[in-house]
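Colleague: My structure file input_21.txt, compact mmCIF, C-alpha atoms, is below:
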```txt
# COMPACT_ATOMS: atom_id res chain seq x y z
CA MET A 1 -20.19 29.06 -16.10
CA SER A 2 -17.44 26.68 -15.05
CA THR A 3 -18.46 23.51 -13.24
CA THR A 4 -15.05 23.15 -11.66
CA ALA A 5 -15.33 22.78 -7.88
CA TYR A 6 -11.67 22.44 -6.92
CA LEU A 7 -8.28 23.65 -8.09
CA VAL A 8 -5.08 21.68 -7.64
CA GLU A 9 -1.78 23.50 -7.97
CA ALA A 10 1.28 21.26 -7.73
CA ASP A 11 5.03 21.57 -8.11
CA GLY A 12 8.21 19.62 -7.52
CA GLY A 13 11.87 20.43 -7.52
CA SER A 14 15.31 18.88 -7.33
CA ARG A 15 18.45 20.54 -6.04
CA GLY A 16 20.83 18.99 -8.52
CA ASN A 17 18.52 17.30 -11.05
CA PRO A 18 18.97 14.60 -9.93
CA GLY A 19 19.52 15.68 -6.37
CA PRO A 20 17.62 16.07 -3.09
CA ALA A 21 14.03 16.52 -4.22
CA GLY A 22 10.57 17.28 -2.91
CA TYR A 23 7.07 18.20 -3.96
CA GLY A 24 4.23 20.43 -2.86
CA ALA A 25 0.52 20.52 -3.68
CA VAL A 26 -2.38 22.69 -2.62
CA VAL A 27 -6.12 22.13 -3.07
CA MET A 28 -8.34 25.21 -3.26
CA ASP A 29 -12.01 26.02 -3.66
CA ALA A 30 -12.46 27.04 -7.30
CA ARG A 31 -14.88 29.83 -6.40
CA ASP A 32 -12.78 31.86 -3.99
CA ARG A 33 -9.37 30.10 -3.93
CA GLN A 34 -9.79 29.27 -0.26
CA VAL A 35 -7.08 26.76 0.69
CA LEU A 36 -8.64 23.43 1.67
CA ALA A 37 -5.60 21.14 1.93
CA GLU A 38 -1.84 21.17 1.53
CA ALA A 39 0.59 18.29 0.94
CA ALA A 40 4.36 18.17 0.78
CA GLU A 41 7.14 15.60 1.02
CA ALA A 42 10.88 15.25 0.56
CA ILE A 43 11.42 12.20 -1.68
CA GLY A 44 15.18 11.69 -1.54
CA VAL A 45 17.32 11.93 -4.66
CA ALA A 46 15.24 12.37 -7.80
CA THR A 47 14.82 14.54 -10.88
CA ASN A 48 12.62 17.61 -11.28
CA ASN A 49 10.15 15.69 -13.45
CA VAL A 50 9.78 12.86 -10.94
CA ALA A 51 9.14 15.39 -8.15
CA GLU A 52 6.59 17.21 -10.32
CA TYR A 53 4.67 14.01 -11.00
CA LYS A 54 4.78 13.17 -7.29
CA GLY A 55 3.27 16.59 -6.56
CA LEU A 56 0.49 15.98 -9.06
CA ILE A 57 -0.29 12.58 -7.53
CA ALA A 58 -0.39 14.10 -4.03
CA GLY A 59 -2.74 16.86 -5.19
CA LEU A 60 -5.15 14.46 -6.91
CA ALA A 61 -5.13 12.13 -3.88
CA SER A 62 -5.89 15.09 -1.61
CA VAL A 63 -8.98 15.97 -3.70
CA LEU A 64 -10.18 12.37 -3.43
CA ASP A 65 -9.70 12.45 0.34
CA LEU A 66 -11.47 15.78 0.56
CA ALA A 67 -14.39 15.36 -1.85
CA GLY A 68 -14.53 11.73 -2.94
CA GLU A 69 -15.14 10.08 -6.30
CA GLY A 70 -16.23 12.21 -9.25
CA ALA A 71 -15.14 15.57 -7.84
CA ALA A 72 -14.65 18.20 -10.56
CA VAL A 73 -11.10 19.56 -10.48
CA GLU A 74 -8.81 21.67 -12.64
CA VAL A 75 -5.08 20.94 -12.42
CA ARG A 76 -2.58 23.78 -12.74
CA MET A 77 1.19 23.33 -12.86
CA ASP A 78 4.21 25.19 -14.16
CA SER A 79 5.58 21.94 -15.60
CA LYS A 80 4.78 22.01 -19.31
CA LEU A 81 5.95 18.39 -19.58
CA VAL A 82 3.55 16.99 -16.97
CA ILE A 83 0.58 19.06 -18.15
CA GLU A 84 1.01 18.11 -21.81
CA GLN A 85 1.64 14.43 -21.06
CA MET A 86 -1.37 14.14 -18.76
CA ALA A 87 -3.55 15.97 -21.30
CA GLY A 88 -2.48 13.37 -23.88
CA ARG A 89 -0.86 15.86 -26.20
CA TRP A 90 2.73 14.71 -25.60
CA LYS A 91 4.04 11.15 -25.53
CA ILE A 92 5.89 9.84 -22.50
CA LYS A 93 9.36 9.02 -23.80
CA ASN A 94 11.11 8.67 -20.43
CA GLU A 95 10.34 5.15 -19.16
CA GLY A 96 11.16 6.27 -15.63
CA LEU A 97 8.16 8.61 -15.68
CA ARG A 98 5.68 6.14 -17.13
CA PRO A 99 4.84 4.38 -13.83
CA LEU A 100 4.15 7.75 -12.22
CA ALA A 101 1.94 8.78 -15.13
CA ILE A 102 0.03 5.50 -14.81
CA GLU A 103 -0.48 6.12 -11.10
CA ALA A 104 -1.71 9.65 -11.78
CA GLN A 105 -4.05 8.42 -14.54
CA ALA A 106 -5.57 5.91 -12.13
CA LEU A 107 -6.47 8.78 -9.80
CA VAL A 108 -7.76 10.88 -12.69
CA ARG A 109 -10.25 8.14 -13.60
CA ARG A 110 -11.78 8.50 -10.17
CA LEU A 111 -12.21 12.27 -10.54
CA ARG A 112 -13.62 14.58 -13.22
CA VAL A 113 -10.69 16.67 -14.45
CA THR A 114 -12.08 19.71 -16.24
CA GLY A 115 -8.76 21.04 -17.45
CA TRP A 116 -4.98 20.68 -17.54
CA THR A 117 -3.56 24.20 -17.35
CA TRP A 118 0.03 25.34 -17.60
CA ILE A 119 0.77 28.43 -15.48
CA PRO A 120 4.01 30.40 -15.16
CA ARG A 121 6.13 29.75 -12.09
CA GLU A 122 5.26 33.08 -10.48
CA ARG A 123 1.62 31.97 -10.38
CA ASN A 124 2.52 28.67 -8.75
CA LYS A 125 4.25 30.12 -5.70
CA HIS A 126 2.15 28.33 -3.10
CA ALA A 127 3.01 24.82 -4.31
CA ASP A 128 6.62 25.86 -4.95
CA ARG A 129 6.89 27.12 -1.36
CA LEU A 130 5.55 23.84 0.01
CA ALA A 131 8.08 21.82 -2.02
CA ASN A 132 10.94 23.98 -0.75
CA GLU A 133 9.70 23.73 2.84
CA ALA A 134 9.75 19.93 2.56
CA MET A 135 13.28 19.91 1.10
CA ASP A 136 14.53 22.41 3.70
CA ALA A 137 13.09 20.29 6.51
CA ALA A 138 14.66 17.11 5.14
CA ALA A 139 18.05 18.80 4.91
CA LYS A 140 17.82 19.37 8.68
CA GLY A 141 16.67 15.82 9.38
CA LEU A 142 13.12 16.99 10.06
CA SER A 143 9.73 16.23 8.53
CA TRP A 144 7.42 18.75 6.91
CA LYS A 145 4.37 19.96 8.79
CA ALA A 146 1.60 22.31 7.73
CA GLY A 147 2.44 25.99 7.70
CA GLY A 148 6.14 25.37 7.23
CA THR A 149 6.79 24.01 10.71
CA THR A 150 8.76 20.83 11.17
CA SER A 151 8.88 17.88 13.49
CA GLY A 152 11.93 16.68 15.32
CA VAL A 153 11.31 13.14 14.13
CA SER A 154 12.77 12.40 10.73
CA SER A 155 10.34 10.67 8.42
CA SER A 156 10.25 9.49 4.85
CA SER A 157 6.51 9.89 4.62
CA GLY A 158 4.77 12.91 3.27
CA GLY A 159 2.22 15.10 4.96
CA VAL A 160 -1.24 16.31 4.16
CA SER A 161 -3.00 18.95 6.17
CA PRO A 162 -6.15 20.98 5.98
CA GLY A 163 -5.58 24.46 4.73
CA PRO A 164 -5.81 27.52 6.93
CA GLY A 165 -9.40 28.22 5.90
CA SER A 166 -10.69 24.68 5.68
CA GLY A 167 -13.20 24.91 8.46
CA GLY A 168 -12.04 21.67 10.03
CA VAL A 169 -11.76 19.62 6.86
CA SER A 170 -9.04 17.07 7.44
CA PRO A 171 -8.38 14.79 4.50
CA GLY A 172 -6.52 11.60 5.31
CA SER A 173 -2.97 11.05 4.22
CA GLY A 174 -3.61 7.85 2.27
CA GLY A 175 -2.30 8.26 -1.24
CA VAL A 176 -0.28 11.36 -0.37
CA SER A 177 2.66 10.00 1.55
CA ARG A 178 4.84 8.08 -0.90
CA GLY A 179 8.26 6.57 -0.77
CA SER A 180 10.35 4.12 -2.70
CA GLY A 181 9.51 0.74 -1.22
CA GLY A 182 5.79 0.11 -1.72
CA ASP A 183 4.46 -3.12 -3.11
CA LEU A 184 1.24 -4.12 -4.74
CA LEU A 185 1.28 -7.88 -4.59
CA ASP A 186 3.45 -10.97 -4.18
CA ARG A 187 6.06 -10.50 -6.89
CA ASP A 188 7.64 -11.81 -4.47
CA ALA A 189 8.99 -8.29 -4.22
CA SER A 190 7.78 -4.77 -4.85
CA PRO A 191 8.40 -2.56 -7.88
CA GLY A 192 9.39 0.13 -5.44
CA GLU A 193 9.67 3.08 -7.74
CA THR A 194 5.95 3.60 -8.08
CA PHE A 195 3.82 2.64 -5.15
CA PRO A 196 3.28 3.67 -1.55
CA THR A 197 5.92 2.62 0.90
CA GLY A 198 5.56 0.55 4.04
CA ARG A 199 6.72 1.83 7.39
CA PRO A 200 10.51 1.88 7.91
CA VAL A 201 11.87 -0.91 10.09
CA ASP A 202 12.63 1.46 12.94
CA GLU A 203 8.97 2.53 12.99
CA GLN A 204 7.46 -0.98 13.12
CA THR A 205 5.04 -1.50 15.99
CA ASP A 206 5.24 -4.64 18.07
CA LEU A 207 2.52 -7.15 17.33
CA LEU A 208 1.32 -7.44 20.89
CA ASP A 209 1.03 -3.70 21.70
CA LEU A 210 0.77 -4.41 25.41
CA SER A 211 -0.75 -0.99 26.04
CA ALA A 212 -4.05 -2.49 24.82
CA PRO A 213 -5.59 -5.94 25.28
CA SER A 214 -4.95 -8.60 22.62
CA ALA A 215 -7.68 -11.12 23.26
CA SER A 216 -7.06 -14.81 22.55
CA LEU A 217 -3.29 -14.62 22.07
CA VAL A 218 -2.74 -15.97 25.54
CA THR A 219 -5.23 -17.64 27.86
CA ALA A 220 -5.02 -14.90 30.46
CA GLN A 221 -6.15 -12.38 27.87
CA ARG A 222 -9.18 -14.30 26.55
CA THR A 223 -11.59 -12.53 28.90
CA LYS A 224 -10.49 -9.09 27.79
CA GLY A 225 -12.22 -7.02 25.16
CA SER A 226 -10.79 -4.84 22.43
CA GLY A 227 -11.01 -1.13 22.00
CA TRP A 228 -14.26 0.15 23.52
CA GLY A 229 -16.08 -3.19 23.37
CA PRO A 230 -17.34 -5.01 26.47
CA ALA A 231 -14.80 -7.22 28.25
CA THR A 232 -17.01 -10.31 28.09
CA ARG A 233 -16.41 -10.91 24.37
CA VAL A 234 -13.77 -13.38 23.21
CA ALA A 235 -11.92 -12.82 19.95
CA THR A 236 -10.95 -15.25 17.26
CA SER A 237 -7.46 -14.09 16.37
CA LEU A 238 -5.97 -14.47 12.90
CA LEU A 239 -2.22 -14.00 12.92
CA LEU A 240 -1.18 -13.37 9.31
CA LEU A 241 2.36 -14.37 8.33
CA ARG A 242 3.79 -13.72 4.91
CA HIS A 243 6.21 -16.39 3.68
CA GLY A 244 9.98 -15.92 3.53
CA GLU A 245 12.19 -14.94 0.60
CA THR A 246 12.35 -16.94 -2.65
CA PRO A 247 14.63 -16.59 -5.70
CA LEU A 248 11.92 -14.48 -7.34
CA SER A 249 11.93 -12.14 -4.34
CA ALA A 250 15.60 -11.44 -4.84
CA GLU A 251 15.03 -10.70 -8.53
CA ARG A 252 11.86 -8.65 -7.91
CA ARG A 253 9.67 -10.77 -10.16
CA PHE A 254 5.95 -11.44 -10.09
CA SER A 255 5.31 -14.71 -8.27
CA GLY A 256 1.79 -16.09 -8.27
CA LEU A 257 1.04 -19.76 -8.76
CA GLY A 258 4.63 -20.54 -9.69
CA ASP A 259 6.09 -22.63 -6.91
CA PRO A 260 9.65 -21.61 -5.99
CA GLU A 261 11.30 -22.85 -2.83
CA LEU A 262 12.57 -20.58 -0.07
CA THR A 263 16.13 -19.31 -0.35
CA PRO A 264 18.53 -19.87 2.58
CA ASN A 265 17.64 -16.35 3.68
CA GLY A 266 13.95 -17.20 3.37
CA LEU A 267 14.43 -20.27 5.56
CA ALA A 268 16.19 -18.09 8.14
CA GLN A 269 13.28 -15.65 8.05
CA ALA A 270 10.82 -18.50 8.59
CA GLU A 271 12.86 -19.79 11.52
CA ALA A 272 12.98 -16.32 13.08
CA ALA A 273 9.18 -16.08 12.87
CA ALA A 274 8.92 -19.59 14.32
CA ARG A 275 11.08 -18.72 17.33
CA ARG A 276 8.95 -15.69 18.03
CA LEU A 277 5.61 -17.42 17.69
CA SER A 278 6.59 -20.48 19.74
CA ALA A 279 7.51 -18.43 22.81
CA PRO A 280 5.32 -16.57 25.32
CA PRO A 281 3.13 -14.59 25.15
CA TYR A 282 2.04 -16.42 21.99
CA ARG A 283 0.10 -19.66 22.11
CA LEU A 284 -1.05 -20.86 18.73
CA ASP A 285 -3.97 -23.24 18.41
CA VAL A 286 -3.92 -23.86 14.65
CA VAL A 287 -1.53 -23.33 11.73
CA VAL A 288 -3.14 -22.98 8.27
CA SER A 289 -1.13 -22.48 5.07
CA SER A 290 -1.45 -21.74 1.40
CA PRO A 291 -0.67 -24.84 -0.69
CA LEU A 292 2.35 -23.18 -2.35
CA LYS A 293 5.79 -24.36 -1.24
CA ARG A 294 7.07 -20.98 -0.06
CA ALA A 295 4.16 -20.65 2.35
CA ARG A 296 4.13 -24.31 3.41
CA ARG A 297 7.84 -24.32 4.27
CA THR A 298 7.33 -21.17 6.35
CA ALA A 299 4.30 -22.71 8.07
CA GLU A 300 6.16 -25.96 8.76
CA ALA A 301 8.97 -24.07 10.50
CA VAL A 302 6.46 -22.45 12.89
CA ALA A 303 4.36 -25.56 13.38
CA GLY A 304 7.43 -27.65 14.18
CA LEU A 305 8.41 -25.45 17.12
CA ALA A 306 4.81 -24.98 18.26
CA GLY A 307 4.08 -28.73 18.20
CA LEU A 308 1.25 -28.40 15.69
CA ASP A 309 0.35 -29.84 12.30
CA VAL A 310 -0.07 -27.69 9.19
CA GLU A 311 -3.49 -27.53 7.58
CA VAL A 312 -3.60 -26.51 3.91
CA ASP A 313 -6.30 -24.28 2.49
CA GLU A 314 -6.26 -23.97 -1.31
CA GLU A 315 -8.10 -20.64 -1.22
CA LEU A 316 -5.15 -18.95 0.54
CA ARG A 317 -2.92 -19.25 -2.54
CA GLU A 318 -1.48 -16.17 -4.23
CA THR A 319 -3.08 -14.43 -7.22
CA ASP A 320 -2.67 -16.14 -10.58
CA PHE A 321 -0.65 -13.59 -12.56
CA GLY A 322 -1.04 -15.52 -15.79
CA ALA A 323 1.30 -14.37 -18.55
CA TRP A 324 3.08 -12.03 -16.13
CA GLU A 325 4.39 -14.85 -13.92
CA GLY A 326 8.17 -14.59 -13.48
CA HIS A 327 8.45 -11.17 -15.15
CA THR A 328 9.64 -7.94 -13.56
CA PHE A 329 7.44 -4.86 -13.39
CA THR A 330 9.59 -3.17 -16.06
CA GLU A 331 9.29 -6.14 -18.41
CA ILE A 332 5.54 -6.16 -18.04
CA GLN A 333 5.36 -2.42 -18.57
CA ARG A 334 7.21 -2.79 -21.88
CA ARG A 335 5.33 -5.84 -23.21
CA TRP A 336 1.81 -5.20 -21.87
CA PRO A 337 1.52 -1.42 -21.26
CA ALA A 338 -2.24 -1.16 -21.85
CA GLU A 339 -3.06 -4.26 -19.81
CA LEU A 340 -0.84 -3.07 -16.96
CA ALA A 341 -2.45 0.37 -16.91
CA ALA A 342 -5.91 -1.21 -16.73
CA TRP A 343 -4.81 -3.61 -13.98
CA LEU A 344 -3.33 -0.81 -11.88
CA ALA A 345 -6.50 1.24 -12.21
CA ASP A 346 -9.16 -1.43 -11.67
CA PRO A 347 -9.19 -4.32 -9.15
CA THR A 348 -11.61 -6.20 -11.43
CA ALA A 349 -9.08 -6.22 -14.29
CA ALA A 350 -6.94 -9.35 -14.60
CA PRO A 351 -3.49 -9.97 -16.14
CA PRO A 352 -3.60 -11.87 -19.46
CA GLN A 353 -4.71 -15.44 -18.65
CA GLY A 354 -4.68 -14.48 -14.98
CA GLU A 355 -6.89 -13.64 -12.03
CA SER A 356 -8.19 -10.27 -10.85
CA PHE A 357 -7.89 -8.99 -7.30
CA ALA A 358 -11.70 -9.06 -7.13
CA GLU A 359 -11.68 -12.79 -7.84
CA VAL A 360 -9.01 -13.33 -5.20
CA ALA A 361 -11.10 -11.40 -2.68
CA ARG A 362 -14.07 -13.72 -3.14
CA ARG A 363 -12.14 -16.89 -2.41
CA VAL A 364 -10.13 -15.35 0.45
CA GLU A 365 -13.32 -14.09 2.09
CA ALA A 366 -14.78 -17.61 1.88
CA ALA A 367 -11.61 -19.05 3.47
CA ARG A 368 -11.77 -16.47 6.27
CA ASP A 369 -15.40 -17.31 7.03
CA ARG A 370 -14.60 -21.04 7.24
CA LEU A 371 -11.73 -20.41 9.65
CA LEU A 372 -13.80 -18.14 11.88
CA GLU A 373 -16.60 -20.70 12.08
CA ARG A 374 -14.32 -23.69 12.63
CA TYR A 375 -11.97 -22.12 15.18
CA GLU A 376 -14.12 -19.61 17.04
CA GLY A 377 -12.37 -18.15 20.08
CA ARG A 378 -8.96 -19.57 19.13
CA THR A 379 -5.69 -18.23 17.73
CA VAL A 380 -5.05 -19.24 14.12
CA LEU A 381 -1.79 -18.62 12.28
CA VAL A 382 -2.47 -18.06 8.57
CA VAL A 383 0.64 -18.37 6.39
CA SER A 384 0.02 -16.90 2.98
CA HIS A 385 1.03 -14.25 0.43
CA VAL A 386 0.78 -10.53 -0.15
CA THR A 387 -2.57 -10.41 -1.96
CA PRO A 388 -4.53 -12.73 0.38
CA ILE A 389 -3.10 -11.05 3.49
CA LYS A 390 -3.79 -7.56 2.17
CA THR A 391 -7.30 -8.69 1.27
CA LEU A 392 -7.98 -9.96 4.79
CA LEU A 393 -6.73 -6.67 6.23
CA ARG A 394 -8.76 -4.63 3.73
CA LEU A 395 -11.95 -6.53 4.52
CA ALA A 396 -11.39 -6.14 8.26
CA LEU A 397 -11.03 -2.38 7.81
CA MET A 398 -14.07 -2.23 5.50
CA ALA A 399 -11.80 -0.45 3.01
CA PRO A 400 -12.48 -0.29 -0.75
CA PRO A 401 -10.66 -2.65 -3.14
CA GLU A 402 -8.31 0.18 -4.13
CA ALA A 403 -6.84 0.02 -0.62
CA LEU A 404 -4.73 -2.93 -1.83
CA TYR A 405 -2.59 -0.40 -3.68
CA ARG A 406 -1.98 1.57 -0.48
CA MET A 407 -0.42 -1.20 1.65
CA HIS A 408 3.09 -2.64 1.85
CA LEU A 409 3.96 -6.04 3.33
CA ASP A 410 7.52 -7.16 3.91
CA LEU A 411 8.71 -10.74 3.58
CA ALA A 412 7.99 -12.80 6.71
CA CYS A 413 5.98 -9.97 8.27
CA LEU A 414 3.23 -10.48 10.86
CA SER A 415 -0.15 -8.79 11.06
CA LEU A 416 -3.02 -9.43 13.47
CA ILE A 417 -6.79 -9.21 13.19
CA ASP A 418 -9.18 -9.97 16.06
CA PHE A 419 -12.71 -11.01 15.05
CA TYR A 420 -15.70 -10.93 17.41
CA ALA A 421 -18.84 -13.08 17.16
CA ASP A 422 -21.15 -10.07 16.98
CA GLY A 423 -19.44 -8.72 13.89
CA PRO A 424 -16.62 -6.27 14.57
CA ALA A 425 -13.09 -6.94 13.31
CA VAL A 426 -10.15 -5.07 14.79
CA VAL A 427 -6.75 -4.79 13.08
CA LYS A 428 -4.32 -4.92 15.99
CA SER A 429 -1.00 -4.86 14.11
CA PHE A 430 0.30 -4.55 10.57
CA ASN A 431 3.57 -5.52 8.78
CA ASP A 432 5.52 -6.26 11.97
CA ILE A 433 9.04 -7.52 11.25
CA SER A 434 10.68 -6.95 14.63
CA HIS A 435 11.62 -10.67 14.75
CA LEU A 436 13.89 -10.15 11.71
CA ARG A 437 16.07 -7.49 13.30
```
Using structure tokens, write down the structure from this file.

Modeller:
Amino acid sequence: MSTTAYLVEADGGSRGNPGPAGYGAVVMDARDRQVLAEAAEAIGVATNNVAEYKGLIAGLASVLDLAGEGAAVEVRMDSKLVIEQMAGRWKIKNEGLRPLAIEAQALVRRLRVTGWTWIPRERNKHADRLANEAMDAAAKGLSWKAGGTTSGVSSSSGGVSPGPGSGGVSPGSGGVSRGSGGDLLDRDASPGETFPTGRPVDEQTDLLDLSAPSASLVTAQRTKGSGWGPATRVATSLLLLRHGETPLSAERRFSGLGDPELTPNGLAQAEAAARRLSAPPYRLDVVVSSPLKRARRTAEAVAGLAGLDVEVDEELRETDFGAWEGHTFTEIQRRWPAELAAWLADPTAAPPQGESFAEVARRVEAARDRLLERYEGRTVLVVSHVTPIKTLLRLALMAPPEALYRMHLDLACLSLIDFYADGPAVVKSFNDISHLR
């Protein structure tokens, strides 16, 4: 008797190949084919094969959201190419598909795939319908919703919804919505073709979100609580600022312990952040920076207007990318394919002669604890890099290490975490770049 618990059927299509493209995926109970979740997204201009891989990734992510690690799943698609490549029977000759295959393989390692099955198109109608619904909605400037309905707000993000017979199961959308601008780390830029996207600029939320209290950003707010907590608690606020652009940002290269200066555009970004943070309602108490020049120059711009000195904390430096320093994602993929695949799949894996994300997390957590003890009840600006900032956000959310792969941070963006003495941490804002508009 089969031990398969779930079925994933996925499809993708392109009206032009390449042309406007989209994917669809459905998760079903293997026993009775009851629909448990659906996912679909229009992905802009792409090929059929890219859309098919995106559908596979969305389906696998939906199973993880629904059932968690180790779930037994059979994958069915009408794409012979994707099925044979994922089963290891065909080589991946198209370099443009390799990053997507790596992303799918990382999800597969977290599940128990019992079979890769090719099915004819007429047996894959559900996923095909979802892909076409997403493309039809995008053509009208709308976003896909479950059941084929659409929203009047155009969006580049995908959707995931419980199926009609799911009995209230509602898997989260993490890992399903994907675009073209996601980043994994401080390259200083993102290899956008593979990873989850950040929110578009016109969807950024303001850091202060004045509909809810932001304790410790201004004196008048220090007696307010956060969320449902009692109003007598006072937060220690960590404002997290990513540094401005460097020459490696412009060339989309990995940038770890290398020490490039800011470009003129990067200096302008730092100055824009400084103007924002030196004016009401902000009132900084402390500015702390990574030791690397790109962060220190950004911190100095803010500190100068705020009338503060810059403290340097060595533990807030970026990840050591070892042999990958200064290379593009494509270059690394060609020279170190096995090492890259392992690194993308496992936060404890390190680049050659480099540092793993797990190692970074240990030192960043220690730096956070020192700051919270030293500056309790105050507002601290932390100027750092993608990996340390993502790590602080991940730890605040109590998210697993793999969450690093699901976040995007723009250059010179601001995020905010409020910490309370009795333990809770509240992420108040994420990747805010309204000061750069």

Colleague: Quick one: residues within 9 Å of Glu359 (chain A), all atoms listed in the file counted, chain neighbours fewer than 3 positions away excluded, as number ranges by chain?

Modeller: A: 319, 347-348, 350, 355-356, 362-364

Colleague: Here is a test: counting only C-alpha atoms, which residue of A:Val8, A:Asp29, A:Gln34, A:Leu81 is nearest to Gly59 (chain A)?

Modeller: A:Val8

Colleague: What residues have an atom no more than 9 Å from (18.9, 19.9, -2.2) in the file's own frame, counting only C-alpha atoms, and can you write them as a list in words?

Modeller: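 Looking at atoms near the point gives Gly13, Ser14, Arg15, Gly16, Gly19, Pro20, Ala21, Gly22, Val45, Met135, Asp136, Ala138 and Ala139 of chain A.
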
Colleague: Fewer than 2 positions away in the same chain doesn't count, so skip those; otherwise give me all residues within 8 Å of region 93-102 of chain A, counting all atoms listed in the file, as an MDAnalysis selection string.

Modeller: chainID A and resid 49:50 53:54 86 91 104:106 193:194 341 344

Colleague: For CA of Pro247 (chain A) and CA of Pro352 (chain A), determine how far apart the two atoms are, in Å to one decimal place.

Modeller: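 Between CA of Pro247 (chain A) and CA of Pro352 (chain A) the gap works out to 23.3 Å.
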
Colleague: Suppose you want the space between CA of Asp320 (chain A) and CA of Ala301 (chain A); what is it in Å?

Modeller: 25.4 Å

Colleague: Restricting the calculation to all atoms listed in the file: of A:Ala71, A:Ala412, A:Leu372, A:Val380, which residue gets closest to Thr298 (chain A)?

Modeller: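 Of all the options, A:Ala412 lies closest to Thr298 (chain A).
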
Colleague: So how far away is CA of Pro291 (chain A) from CA of Ser237 (chain A), in Å?

Modeller: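 Distance between the two atoms: 21.3 Å.
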
Colleague: Show me a table, sorted first by chain and then by increasing residue number, of the residues of region 54-88 of chain A having an atom at most 9 Å from region 117-120 of chain A, each with its shortest atom pair and the distance in Å to one decimal, counting all atoms listed in the file and written as JSON lines.

Modeller:
```
{"residue": "A:Glu74", "atom": "CA", "partner": "A:Thr117", "partner_atom": "CA", "distance": 7.5}
{"residue": "A:Val75", "atom": "CA", "partner": "A:Thr117", "partner_atom": "CA", "distance": 6.1}
{"residue": "A:Arg76", "atom": "CA", "partner": "A:Thr117", "partner_atom": "CA", "distance": 4.7}
{"residue": "A:Met77", "atom": "CA", "partner": "A:Trp118", "partner_atom": "CA", "distance": 5.3}
{"residue": "A:Asp78", "atom": "CA", "partner": "A:Ile119", "partner_atom": "CA", "distance": 4.9}
{"residue": "A:Ser79", "atom": "CA", "partner": "A:Trp118", "partner_atom": "CA", "distance": 6.8}
{"residue": "A:Lys80", "atom": "CA", "partner": "A:Trp118", "partner_atom": "CA", "distance": 6.0}
{"residue": "A:Ile83", "atom": "CA", "partner": "A:Trp118", "partner_atom": "CA", "distance": 6.3}
{"residue": "A:Glu84", "atom": "CA", "partner": "A:Trp118", "partner_atom": "CA", "distance": 8.4}
```

Colleague: Counting only C-alpha atoms, which residue out of A:Glu376, A:Glu402, A:Asp410, A:Asp313 sits closest to Asn431 (chain A)?

Modeller: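 Distance minimum relative to Asn431 (chain A) lands on A:Asp410.
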
Colleague: For Thr379 (chain A), please output as a list of chain:residue names all residues within 8 Å (counting all atoms listed in the file; exclusion window: fewer than 5 positions along the same chain).

Modeller: A:Ser216, A:Leu217, A:Thr236, A:Ser237, A:Leu238, A:Leu239, A:Arg283, A:Leu284, A:Asp285, A:Val286

Colleague: Box for region 318-330 of chain A - axis-aligned, 4 Å on each of the six sides, all listed atoms - centre and size in Å to one decimal, as JSON.

Modeller:
```
{"center_x": 3.3, "center_y": -9.7, "center_z": -11.4, "size_x": 20.7, "size_y": 21.0, "size_z": 22.3}
```

Colleague: With distances taken over all atoms listed in the file, which of A:Val113, A:Leu36, A:Leu436, A:Ala235 is nearest to Glu271 (chain A)?

Modeller: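 The answer is A:Leu436, which sits nearest to Glu271 (chain A).
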
Colleague: Kindly indicate which residue among A:Ile389, A:Leu60, A:Ala51, A:Ala421 lies nearest to His243 (chain A), using all atoms listed in the file for the distances.

Modeller: A:Ile389

Colleague: Near Leu397 (chain A), counting all atoms listed in the file, which residues have an atom at most 8 Å away, once you skip same-chain residues fewer than 5 positions from it, shown as a PyMOL selection string?

Modeller: chain A and resi 425-427

Colleague: Let me make sure I understand: among A:Val360, A:Val383, A:Leu316, A:Ala25, which one has the smallest atom-to-atom distance to Asn132 (chain A) if we use only C-alpha atoms?

Modeller: A:Ala25

Colleague: Mind filling out region 37-43 of chain A with N, CA and C atoms and sending it as a JSON list (two decimals), keeping the file's coordinate frame?

Modeller:
```json
[["chain", "number", "residue", "atom", "x", "y", "z"],
["A", 37, "ALA", "N", -6.57, 22.16, 1.50],
["A", 37, "ALA", "CA", -5.60, 21.14, 1.93],
["A", 37, "ALA", "C", -4.25, 21.44, 1.31],
["A", 38, "GLU", "N", -3.21, 21.06, 2.01],
["A", 38, "GLU", "CA", -1.84, 21.17, 1.53],
["A", 38, "GLU", "C", -1.14, 19.84, 1.71],
["A", 39, "ALA", "N", -0.21, 19.52, 0.82],
["A", 39, "ALA", "CA", 0.59, 18.29, 0.94],
["A", 39, "ALA", "C", 2.00, 18.59, 0.50],
["A", 40, "ALA", "N", 2.96, 17.99, 1.14],
["A", 40, "ALA", "CA", 4.36, 18.17, 0.78],
["A", 40, "ALA", "C", 5.17, 17.00, 1.29],
["A", 41, "GLU", "N", 6.28, 16.70, 0.60],
["A", 41, "GLU", "CA", 7.14, 15.60, 1.02],
["A", 41, "GLU", "C", 8.51, 15.74, 0.37],
["A", 42, "ALA", "N", 9.56, 15.44, 1.13],
["A", 42, "ALA", "CA", 10.88, 15.25, 0.56],
["A", 42, "ALA", "C", 10.99, 13.80, 0.11],
["A", 43, "ILE", "N", 11.47, 13.55, -1.11],
["A", 43, "ILE", "CA", 11.42, 12.20, -1.68],
["A", 43, "ILE", "C", 12.80, 11.63, -1.95]]
```
